[in-house]
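data37.json, holding JSON, C-alpha atoms:
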[["chain", "number", "residue", "atom", "x", "y", "z"],
["A", 1, "MET", "CA", -37.49, 15.09, 25.08],
["A", 2, "ILE", "CA", -34.44, 17.26, 24.51],
["A", 3, "ASN", "CA", -30.99, 15.86, 25.29],
["A", 4, "LEU", "CA", -29.16, 18.21, 27.71],
["A", 5, "GLU", "CA", -25.85, 17.26, 26.08],
["A", 6, "TRP", "CA", -27.04, 19.21, 23.02],
["A", 7, "PHE", "CA", -26.94, 22.38, 25.11],
["A", 8, "ARG", "CA", -23.41, 21.67, 26.34],
["A", 9, "THR", "CA", -22.26, 21.02, 22.78],
["A", 10, "PHE", "CA", -23.96, 24.22, 21.60],
["A", 11, "LYS", "CA", -22.26, 26.22, 24.39],
["A", 12, "SER", "CA", -18.85, 24.75, 23.47],
["A", 13, "ILE", "CA", -19.28, 25.57, 19.76],
["A", 14, "TYR", "CA", -20.30, 29.11, 20.67],
["A", 15, "GLU", "CA", -17.23, 29.58, 22.90],
["A", 16, "THR", "CA", -14.61, 27.88, 20.69],
["A", 17, "GLY", "CA", -15.98, 29.06, 17.35],
["A", 18, "THR", "CA", -15.42, 25.74, 15.55],
["A", 19, "LEU", "CA", -16.78, 22.20, 15.51],
["A", 20, "THR", "CA", -13.25, 20.83, 15.90],
["A", 21, "GLY", "CA", -12.59, 23.06, 18.91],
["A", 22, "ALA", "CA", -15.81, 21.93, 20.54],
["A", 23, "ALA", "CA", -14.93, 18.27, 19.87],
["A", 24, "GLU", "CA", -11.55, 18.70, 21.55],
["A", 25, "ALA", "CA", -13.06, 20.49, 24.54],
["A", 26, "LEU", "CA", -15.75, 17.83, 25.03],
["A", 27, "TYR", "CA", -13.57, 14.77, 24.24],
["A", 28, "ILE", "CA", -15.94, 13.62, 21.50],
["A", 29, "SER", "CA", -15.63, 13.27, 17.74],
["A", 30, "GLN", "CA", -16.32, 16.14, 15.36],
["A", 31, "PRO", "CA", -19.16, 14.17, 13.67],
["A", 32, "GLY", "CA", -20.68, 13.77, 17.15],
["A", 33, "VAL", "CA", -20.59, 17.54, 17.63],
["A", 34, "SER", "CA", -22.26, 18.06, 14.24],
["A", 35, "LEU", "CA", -24.99, 15.56, 15.15],
["A", 36, "HIS", "CA", -25.72, 17.29, 18.47],
["A", 37, "LEU", "CA", -25.94, 20.69, 16.76],
["A", 38, "SER", "CA", -28.19, 19.52, 13.93],
["A", 39, "SER", "CA", -30.46, 17.75, 16.46],
["A", 40, "LEU", "CA", -30.74, 20.89, 18.59],
["A", 41, "GLU", "CA", -31.46, 23.09, 15.53],
["A", 42, "ALA", "CA", -34.14, 20.64, 14.44],
["A", 43, "TYR", "CA", -35.67, 20.74, 17.93],
["A", 44, "VAL", "CA", -35.77, 24.54, 18.27],
["A", 45, "GLY", "CA", -36.74, 25.03, 14.64],
["A", 46, "TYR", "CA", -34.15, 27.57, 13.50],
["A", 47, "LYS", "CA", -30.48, 27.97, 12.68],
["A", 48, "LEU", "CA", -28.16, 28.67, 15.61],
["A", 49, "PHE", "CA", -24.99, 29.31, 13.60],
["A", 50, "ASP", "CA", -23.98, 30.57, 10.19],
["A", 51, "ARG", "CA", -21.24, 28.28, 8.91],
["A", 52, "THR", "CA", -18.20, 29.94, 7.28],
["A", 53, "SER", "CA", -15.01, 28.33, 6.03],
["A", 54, "ARG", "CA", -13.15, 29.19, 9.23],
["A", 55, "LYS", "CA", -15.65, 29.81, 12.00],
["A", 56, "MET", "CA", -19.13, 29.13, 13.28],
["A", 57, "VAL", "CA", -20.85, 32.51, 13.74],
["A", 58, "ALA", "CA", -23.85, 32.57, 16.06],
["A", 59, "THR", "CA", -27.12, 33.86, 14.62],
["A", 60, "GLU", "CA", -29.20, 36.33, 16.61],
["A", 61, "ARG", "CA", -31.37, 33.47, 17.85],
["A", 62, "GLY", "CA", -28.19, 31.55, 18.71],
["A", 63, "LYS", "CA", -26.96, 34.48, 20.83],
["A", 64, "VAL", "CA", -30.26, 34.65, 22.68],
["A", 65, "LEU", "CA", -30.18, 30.91, 23.39],
["A", 66, "TYR", "CA", -26.57, 31.09, 24.61],
["A", 67, "ASN", "CA", -27.32, 33.92, 27.02],
["A", 68, "TYR", "CA", -30.29, 31.96, 28.33],
["A", 69, "ILE", "CA", -28.58, 28.58, 28.94],
["A", 70, "GLN", "CA", -24.90, 29.33, 29.51],
["A", 71, "GLU", "CA", -25.16, 29.93, 33.27],
["A", 72, "ALA", "CA", -27.22, 26.79, 33.84],
["A", 73, "VAL", "CA", -24.88, 24.62, 31.74],
["A", 74, "ALA", "CA", -21.85, 26.10, 33.52],
["A", 75, "LYS", "CA", -23.35, 25.09, 36.88],
["A", 76, "LEU", "CA", -23.93, 21.54, 35.63],
["A", 77, "GLU", "CA", -20.32, 21.37, 34.38],
["A", 78, "THR", "CA", -19.09, 22.56, 37.79],
["A", 79, "ALA", "CA", -21.14, 19.84, 39.47],
["A", 80, "GLU", "CA", -19.72, 17.26, 37.09],
["A", 81, "HIS", "CA", -16.16, 18.44, 37.74],
["A", 82, "HIS", "CA", -16.72, 18.30, 41.50],
["A", 83, "PHE", "CA", -18.05, 14.74, 41.22],
["A", 84, "HIS", "CA", -15.05, 13.62, 39.19],
["A", 85, "LYS", "CA", -12.68, 14.82, 41.89],
["A", 86, "SER", "CA", -13.57, 11.77, 43.93],
["A", 87, "THR", "CA", -13.40, 9.29, 41.08],
["A", 88, "GLU", "CA", -10.60, 7.72, 39.10],
["A", 89, "LYS", "CA", -9.40, 9.79, 36.16],
["A", 90, "ASP", "CA", -10.66, 8.60, 32.79],
["A", 91, "THR", "CA", -8.12, 6.90, 30.57],
["A", 92, "PRO", "CA", -7.62, 9.01, 27.43],
["A", 93, "THR", "CA", -8.09, 7.46, 23.99],
["A", 94, "ILE", "CA", -6.24, 8.64, 20.90],
["A", 95, "SER", "CA", -6.88, 7.62, 17.31],
["A", 96, "ILE", "CA", -3.93, 7.06, 14.96],
["A", 97, "GLY", "CA", -3.84, 6.54, 11.19],
["A", 98, "MET", "CA", -1.04, 4.74, 9.33],
["A", 99, "CYS", "CA", -0.46, 1.92, 6.88],
["A", 100, "PHE", "CA", -0.82, -1.65, 8.15],
["A", 101, "GLU", "CA", 2.85, -2.56, 7.68],
["A", 102, "THR", "CA", 4.08, 0.50, 9.56],
["A", 103, "PHE", "CA", 1.85, -0.45, 12.49],
["A", 104, "GLN", "CA", 3.17, -4.01, 12.56],
["A", 105, "PHE", "CA", 6.80, -2.92, 12.28],
["A", 106, "THR", "CA", 6.75, -0.19, 14.93],
["A", 107, "LEU", "CA", 3.82, 0.10, 17.30],
["A", 108, "GLU", "CA", 2.15, -3.29, 17.58],
["A", 109, "SER", "CA", 4.49, -4.78, 20.21],
["A", 110, "TYR", "CA", 4.25, -1.65, 22.41],
["A", 111, "LEU", "CA", 0.46, -1.59, 22.80],
["A", 112, "PRO", "CA", 0.29, -3.62, 26.06],
["A", 113, "GLN", "CA", 2.72, -1.18, 27.72],
["A", 114, "LEU", "CA", 0.92, 2.08, 26.93],
["A", 115, "PRO", "CA", -0.94, 3.90, 29.74],
["A", 116, "PHE", "CA", -3.71, 5.11, 27.41],
["A", 117, "ASN", "CA", -6.11, 3.63, 24.88],
["A", 118, "ILE", "CA", -5.45, 3.59, 21.14],
["A", 119, "ILE", "CA", -7.66, 3.17, 18.10],
["A", 120, "ILE", "CA", -5.73, 2.35, 14.91],
["A", 121, "LYS", "CA", -7.13, 3.14, 11.47],
["A", 122, "PHE", "CA", -5.70, 1.88, 8.18],
["A", 123, "GLY", "CA", -6.61, 3.53, 4.89],
["A", 124, "GLU", "CA", -5.61, 5.86, 2.10],
["A", 125, "TYR", "CA", -3.57, 8.89, 3.15],
["A", 126, "PRO", "CA", -5.91, 11.58, 1.70],
["A", 127, "GLU", "CA", -8.83, 10.05, 3.60],
["A", 128, "MET", "CA", -6.83, 9.89, 6.83],
["A", 129, "LEU", "CA", -5.68, 13.50, 6.45],
["A", 130, "ASN", "CA", -9.30, 14.54, 6.07],
["A", 131, "ASP", "CA", -10.21, 12.58, 9.21],
["A", 132, "LEU", "CA", -7.37, 14.29, 11.07],
["A", 133, "ASP", "CA", -8.59, 17.71, 10.00],
["A", 134, "ASN", "CA", -12.14, 16.83, 11.12],
["A", 135, "GLY", "CA", -11.05, 15.63, 14.55],
["A", 136, "ILE", "CA", -11.69, 11.91, 13.96],
["A", 137, "LEU", "CA", -7.96, 11.07, 14.09],
["A", 138, "ASP", "CA", -5.38, 12.62, 16.42],
["A", 139, "LEU", "CA", -2.13, 11.54, 14.72],
["A", 140, "ILE", "CA", -1.13, 10.24, 11.28],
["A", 141, "ILE", "CA", 2.11, 8.67, 10.11],
["A", 142, "THR", "CA", 2.21, 9.79, 6.48],
["A", 143, "PRO", "CA", 4.53, 10.39, 3.51],
["A", 144, "GLN", "CA", 2.01, 12.85, 2.07],
["A", 145, "LYS", "CA", 1.05, 16.40, 3.01],
["A", 146, "GLY", "CA", -2.32, 18.10, 2.77],
["A", 147, "GLU", "CA", -3.16, 21.80, 2.53],
["A", 148, "SER", "CA", -5.20, 22.40, 5.68],
["A", 149, "PRO", "CA", -3.82, 25.33, 7.73],
["A", 150, "GLY", "CA", -4.82, 23.60, 10.96],
["A", 151, "ILE", "CA", -2.51, 20.61, 10.43],
["A", 152, "SER", "CA", 1.20, 20.49, 11.29],
["A", 153, "TYR", "CA", 3.81, 18.14, 9.77],
["A", 154, "LYS", "CA", 7.00, 17.10, 11.57],
["A", 155, "PRO", "CA", 9.51, 15.02, 9.54],
["A", 156, "PHE", "CA", 11.13, 12.22, 11.51],
["A", 157, "SER", "CA", 12.45, 9.59, 9.09],
["A", 158, "LYS", "CA", 12.88, 8.56, 5.47],
["A", 159, "GLU", "CA", 11.94, 5.37, 3.70],
["A", 160, "ARG", "CA", 13.89, 4.30, 0.62],
["A", 161, "ILE", "CA", 12.07, 2.17, -1.94],
["A", 162, "VAL", "CA", 14.44, -0.60, -2.99],
["A", 163, "LEU", "CA", 14.61, -3.81, -5.01],
["A", 164, "VAL", "CA", 15.16, -6.77, -2.70],
["A", 165, "ALA", "CA", 15.63, -10.50, -3.14],
["A", 166, "GLY", "CA", 15.39, -13.49, -0.84],
["A", 167, "SER", "CA", 18.75, -14.95, 0.12],
["A", 168, "GLU", "CA", 18.19, -18.09, -2.01],
["A", 169, "THR", "CA", 17.59, -16.08, -5.20],
["A", 170, "ASP", "CA", 20.10, -16.93, -7.93],
["A", 171, "LEU", "CA", 21.82, -13.65, -8.77],
["A", 172, "ALA", "CA", 24.40, -15.11, -11.13],
["A", 173, "GLY", "CA", 22.58, -13.63, -14.13],
["A", 174, "LEU", "CA", 23.32, -10.14, -12.86],
["A", 175, "GLU", "CA", 27.06, -10.61, -13.15],
["A", 176, "GLY", "CA", 28.44, -8.51, -15.99],
["A", 177, "ILE", "CA", 25.28, -6.37, -16.34],
["A", 178, "ASP", "CA", 25.92, -2.67, -15.87],
["A", 179, "THR", "CA", 22.63, -1.44, -14.37],
["A", 180, "LYS", "CA", 23.41, 2.14, -15.42],
["A", 181, "LYS", "CA", 24.21, 1.42, -19.08],
["A", 182, "GLN", "CA", 22.54, -1.90, -19.87],
["A", 183, "LEU", "CA", 19.01, -1.15, -18.77],
["A", 184, "GLN", "CA", 17.42, -3.30, -21.46],
["A", 185, "GLU", "CA", 19.40, -6.38, -20.44],
["A", 186, "PHE", "CA", 18.71, -5.65, -16.78],
["A", 187, "GLN", "CA", 14.97, -5.42, -17.40],
["A", 188, "GLN", "CA", 14.98, -8.74, -19.24],
["A", 189, "TRP", "CA", 16.70, -10.41, -16.31],
["A", 190, "LEU", "CA", 14.28, -8.86, -13.84],
["A", 191, "LYS", "CA", 11.19, -9.97, -15.78],
["A", 192, "ALA", "CA", 12.48, -13.55, -15.81],
["A", 193, "GLN", "CA", 12.53, -13.73, -12.00],
["A", 194, "THR", "CA", 9.88, -14.75, -9.47],
["A", 195, "TRP", "CA", 8.07, -11.64, -8.24],
["A", 196, "TYR", "CA", 5.82, -10.87, -5.28],
["A", 197, "GLY", "CA", 3.22, -8.11, -5.10],
["A", 198, "THR", "CA", 0.26, -7.10, -2.94],
["A", 199, "THR", "CA", -3.47, -7.03, -3.55],
["A", 200, "ALA", "CA", -4.02, -3.53, -2.18],
["A", 201, "ASP", "CA", -1.05, -1.40, -3.18],
["A", 202, "MET", "CA", 1.26, -1.70, -6.20],
["A", 203, "GLU", "CA", 2.29, 1.96, -5.94],
["A", 204, "HIS", "CA", 5.84, 1.26, -4.75],
["A", 205, "MET", "CA", 6.57, -1.05, -7.67],
["A", 206, "GLN", "CA", 4.99, 1.23, -10.28],
["A", 207, "ARG", "CA", 6.77, 4.38, -9.02],
["A", 208, "PHE", "CA", 10.12, 2.61, -8.75],
["A", 209, "TRP", "CA", 9.83, 1.17, -12.25],
["A", 210, "HIS", "CA", 8.72, 4.44, -13.79],
["A", 211, "THR", "CA", 11.45, 6.43, -11.99],
["A", 212, "ASN", "CA", 14.21, 4.13, -13.21],
["A", 213, "PHE", "CA", 12.91, 2.78, -16.54],
["A", 214, "ASN", "CA", 10.61, 5.66, -17.52],
["A", 215, "LYS", "CA", 7.62, 3.37, -18.02],
["A", 216, "ARG", "CA", 5.18, 1.22, -16.12],
["A", 217, "PRO", "CA", 6.14, -2.42, -15.43],
["A", 218, "ASP", "CA", 4.95, -4.57, -18.34],
["A", 219, "PHE", "CA", 4.56, -7.78, -16.32],
["A", 220, "LYS", "CA", 2.59, -9.00, -13.34],
["A", 221, "PRO", "CA", 3.96, -10.52, -10.13],
["A", 222, "ASN", "CA", 3.86, -14.31, -9.90],
["A", 223, "TYR", "CA", 2.36, -14.16, -6.43],
["A", 224, "ILE", "CA", -0.14, -11.64, -5.09],
["A", 225, "VAL", "CA", -0.26, -11.62, -1.27],
["A", 226, "PRO", "CA", -2.28, -9.55, 1.25],
["A", 227, "ASN", "CA", 0.36, -6.98, 2.27],
["A", 228, "LEU", "CA", 4.04, -6.04, 2.34],
["A", 229, "SER", "CA", 4.64, -7.95, 5.58],
["A", 230, "SER", "CA", 3.47, -11.09, 3.77],
["A", 231, "ILE", "CA", 6.00, -10.44, 1.01],
["A", 232, "ILE", "CA", 8.82, -10.18, 3.55],
["A", 233, "ARG", "CA", 7.83, -13.46, 5.17],
["A", 234, "CYS", "CA", 7.52, -15.19, 1.78],
["A", 235, "ILE", "CA", 10.93, -14.23, 0.40],
["A", 236, "SER", "CA", 12.94, -14.21, 3.63],
["A", 237, "GLY", "CA", 15.57, -16.96, 3.27],
["A", 238, "LYS", "CA", 13.96, -18.10, 0.02],
["A", 239, "ASN", "CA", 13.72, -17.18, -3.67],
["A", 240, "GLY", "CA", 11.89, -14.13, -4.97],
["A", 241, "LEU", "CA", 12.04, -10.41, -5.77],
["A", 242, "ALA", "CA", 9.98, -7.45, -4.58],
["A", 243, "ILE", "CA", 10.09, -3.67, -4.40],
["A", 244, "ILE", "CA", 9.41, -2.43, -0.87],
["A", 245, "PRO", "CA", 10.45, 0.26, 1.66],
["A", 246, "ASP", "CA", 13.79, -0.68, 3.17],
["A", 247, "PHE", "CA", 12.83, -0.06, 6.81],
["A", 248, "LEU", "CA", 10.18, -2.79, 6.70],
["A", 249, "CYS", "CA", 12.81, -5.49, 6.18],
["A", 250, "LYS", "CA", 15.68, -3.94, 8.17],
["A", 251, "LYS", "CA", 16.03, -6.94, 10.50],
["A", 252, "GLU", "CA", 15.92, -9.44, 7.63],
["A", 253, "ILE", "CA", 18.59, -7.48, 5.73],
["A", 254, "GLU", "CA", 20.82, -7.38, 8.80],
["A", 255, "SER", "CA", 20.43, -11.14, 9.30],
["A", 256, "GLY", "CA", 21.14, -11.91, 5.62],
["A", 257, "GLN", "CA", 17.71, -13.40, 4.93],
["A", 258, "ILE", "CA", 16.98, -10.64, 2.41],
["A", 259, "LYS", "CA", 19.39, -8.73, 0.18],
["A", 260, "VAL", "CA", 19.05, -5.26, -1.32],
["A", 261, "ILE", "CA", 20.14, -5.87, -4.91],
["A", 262, "TRP", "CA", 19.40, -2.44, -6.40],
["A", 263, "GLU", "CA", 18.47, 0.98, -5.05],
["A", 264, "GLY", "CA", 17.85, 2.31, -8.56],
["A", 265, "ASN", "CA", 19.81, 4.71, -10.69],
["A", 266, "ASN", "CA", 17.38, 7.36, -9.45],
["A", 267, "ILE", "CA", 16.89, 6.78, -5.74],
["A", 268, "LEU", "CA", 13.27, 6.92, -4.63],
["A", 269, "GLU", "CA", 12.78, 8.19, -1.08],
["A", 270, "ASN", "CA", 9.78, 9.30, 0.94],
["A", 271, "THR", "CA", 9.95, 11.59, 3.93],
["A", 272, "LEU", "CA", 7.74, 10.33, 6.75],
["A", 273, "TYR", "CA", 5.89, 12.89, 8.86],
["A", 274, "PHE", "CA", 4.10, 12.99, 12.17],
["A", 275, "SER", "CA", 0.91, 14.84, 11.25],
["A", 276, "THR", "CA", -1.28, 16.33, 14.00],
["A", 277, "ARG", "CA", -3.75, 19.14, 14.51],
["A", 278, "LYS", "CA", -2.01, 22.30, 15.72],
["A", 279, "LYS", "CA", -4.36, 22.38, 18.70],
["A", 280, "THR", "CA", -4.69, 19.08, 20.53],
["A", 281, "ILE", "CA", -5.48, 17.96, 24.05],
["A", 282, "TYR", "CA", -3.40, 14.81, 23.61],
["A", 283, "ALA", "CA", 0.07, 16.31, 23.28],
["A", 284, "GLY", "CA", 1.57, 14.03, 25.95],
["A", 285, "GLU", "CA", 0.13, 10.83, 24.52],
["A", 286, "ILE", "CA", 1.12, 11.81, 20.99],
["A", 287, "GLN", "CA", 4.69, 12.50, 22.14],
["A", 288, "THR", "CA", 4.87, 8.98, 23.61],
["A", 289, "ILE", "CA", 3.86, 7.48, 20.26],
["A", 290, "GLU", "CA", 6.30, 9.70, 18.36],
["A", 291, "ASP", "CA", 9.15, 8.58, 20.64],
["A", 292, "ILE", "CA", 8.39, 4.94, 19.81],
["A", 293, "PHE", "CA", 8.49, 5.63, 16.07],
["A", 294, "VAL", "CA", 11.77, 7.53, 16.32],
["A", 295, "LYS", "CA", 13.29, 4.66, 18.31],
["A", 296, "GLU", "CA", 12.16, 1.99, 15.85],
["A", 297, "MET", "CA", 12.75, 3.77, 12.55],
["A", 298, "THR", "CA", 15.94, 5.82, 13.01]]

Show me the file's structure as structure tokens.
Amino acid sequence: MINLEWFRTFKSIYETGTLTGAAEALYISQPGVSLHLSSLEAYVGYKLFDRTSRKMVATERGKVLYNYIQEAVAKLETAEHHFHKSTEKDTPTISIGMCFETFQFTLESYLPQLPFNIIIKFGEYPEMLNDLDNGILDLIITPQKGESPGISYKPFSKERIVLVAGSETDLAGLEGIDTKKQLQEFQQWLKAQTWYGTTADMEHMQRFWHTNFNKRPDFKPNYIVPNLSSIIRCISGKNGLAIIPDFLCKKEIESGQIKVIWEGNNILENTLYFSTRKKTIYAGEIQTIEDIFVKEMT
């Protein structure tokens, strides 16, 4: 038996011209829209749309079907709207992509206070940007930009990648070393220290080393831990070096538990962006999240 939701999805694609537009109008994911359409096309036995890079163009059979069902579906939508007038408004849900440490540092403590639901996704930035473009995510906190014309980027903060040490680290060996002129001696001192790294992402360390020493680090950390937050907890008030974004250990730096011992001769900074689709039904909820990030990171 045919699912009547397939007709509503078909009508929304026809009227918005895109899968993403239909997903936003129906409050469902873009993959869900694609599934409904493919199921309906399989049921009727012919293509309903020609897919182009920018728009879904109805075939002749698609136009006939739309003209046949649009009035009936519109009546059902009116009935649904009338019913919802007497019920409690649904709580919206937004999906946000970011790195794990950023979530812990900024948003985690605010979740119980928010008047809407949130789904958090962690992953690689290119994958999250693709999910944003496809309507699976609604907001990304990212230092990287993509090329999709439907995505907007709003800069809101910068993260500086720095060399830090726990407060119990013996820094006496650095005395007398000019980090601008005696790079060889400085590297030898660094490699003799106790280092912390992460299992998932050594990008910060590799970029920082290459930017300042023009080569990849030729040693491995003594301790490999799950994430950057683990590194901060391990070295705070203790011995050990790491290369991490400064905002993640802002409180520990202010309390003296961690020291920034070198920002590099060539400072390495990333601009952080709020990345959203240019057309979104969650503008209010997204603004609430953006306000939290601005408060915590600037």

Please determine the residues with any atom at most 7 Å from (5.9, 4.6, 6.2) (coordinates as given in the file, with only C-alpha atoms counting) and report them as an mmCIF file with C-alpha atoms, keeping the file's coordinate frame.
data_model
loop_
_atom_site.group_PDB
_atom_site.id
_atom_site.type_symbol
_atom_site.label_atom_id
_atom_site.label_comp_id
_atom_site.auth_asym_id
_atom_site.auth_seq_id
_atom_site.Cartn_x
_atom_site.Cartn_y
_atom_site.Cartn_z
ATOM 1 C CA CYS A 99 -0.460 1.920 6.880
ATOM 2 C CA THR A 102 4.080 0.500 9.560
ATOM 3 C CA ILE A 141 2.110 8.670 10.110
ATOM 4 C CA THR A 142 2.210 9.790 6.480
ATOM 5 C CA PRO A 143 4.530 10.390 3.510
ATOM 6 C CA GLU A 159 11.940 5.370 3.700
ATOM 7 C CA LEU A 272 7.740 10.330 6.750
#

Å distance separating atom CA of A:Glu269 from atom CA of A:Ile161, one decimal place
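Taking atom CA of A:Glu269 and atom CA of A:Ile161, their separation equals 6.1 Å.
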
Using all atoms listed in the file, which residue out of A:Asn222, A:Thr20, A:Thr91, A:Gln193 lies closest to A:Asp138?
A:Thr20

Under the rule that all atoms listed in the file are counted, which of A:Gln144, A:Thr93, A:Thr169, A:Thr9 is the nearest residue to A:Ile120?
A:Thr93

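Distances here use all atoms listed in the file; by that measure, the residue among A:Val33, A:Ile244, A:Leu76, A:Leu65 closest to A:Gly135 is A:Val33.
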
Out of A:Gly166, A:Tyr273, A:Leu174, A:Glu290, which residue has the shortest atom-to-atom distance to A:Lys238 when counting all atoms listed in the file?
A:Gly166

Just want the 10 Å neighbourhood of stretch 175-180 of chain A, counted on all atoms listed in the file, with same-chain residues fewer than 4 positions away dropped. Output as a PyMOL selection string.
chain A and resi 171+184-187+189+212+262+264-266

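Around A:Trp6, within 10 Å and counting all atoms listed in the file, the residues found are Lys11, Ser12, Val33, Leu35, His36, Leu37, Ser38, Ser39, Leu40 and Glu41 of chain A, once anything fewer than 5 positions away on its own chain is removed.
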
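Atom CA of A:Thr288 sits 24.6 Å away from atom CA of A:Ser148.
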
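The space between atom CA of A:Thr59 and atom CA of A:Arg8 spans 17.3 Å.
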
Rank A:Pro155, A:Pro217, A:Pro112, A:Pro31 by their smallest atom-to-atom distance to A:Trp195, using all atoms listed in the file, and report the top residue only.
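Residue with the minimum atom-to-atom distance to A:Trp195: A:Pro217.
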
Which residue of A:Ile2, A:Leu19, A:Met297, A:Ile258 approaches A:Met56 most closely, using only C-alpha atoms
A:Leu19

Contacts of A:Ile243 within 10 Å, all atoms listed in the file, excl. fewer than 4 positions in-chain, as a count of residues only:
21

Which polymer residues have any atom within 7 Å of an atom of A:Thr198, counting only C-alpha atoms, with same-chain residues fewer than 3 positions away left out, as a PDB file with C-alpha atoms, keeping the file's coordinate frame?
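And here's result-v3.pdb as it stands now:
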ATOM      1  CA  ASP A 201      -1.050  -1.400  -3.180  1.00  0.00           C
ATOM      2  CA  MET A 202       1.260  -1.700  -6.200  1.00  0.00           C
ATOM      3  CA  ILE A 224      -0.140 -11.640  -5.090  1.00  0.00           C
ATOM      4  CA  VAL A 225      -0.260 -11.620  -1.270  1.00  0.00           C
ATOM      5  CA  PRO A 226      -2.280  -9.550   1.250  1.00  0.00           C
ATOM      6  CA  ASN A 227       0.360  -6.980   2.270  1.00  0.00           C
ATOM      7  CA  LEU A 228       4.040  -6.040   2.340  1.00  0.00           C
TER       8      LEU A 228
END

Excluding A:Ser152 and its own-chain neighbours fewer than 5 positions away, which residues fall within 6 Å of it when counting all atoms listed in the file? Please give them as a PyMOL selection string.
chain A and resi 275-276+278

Preceding selection exported with C-alpha atoms as a compact mmCIF listing (two decimals), in the coordinates of the input:
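Wrote it out as part-v4.txt, contents follow:
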# COMPACT_ATOMS: atom_id res chain seq x y z
CA SER A 275 0.91 14.84 11.25
CA THR A 276 -1.28 16.33 14.00
CA LYS A 278 -2.01 22.30 15.72
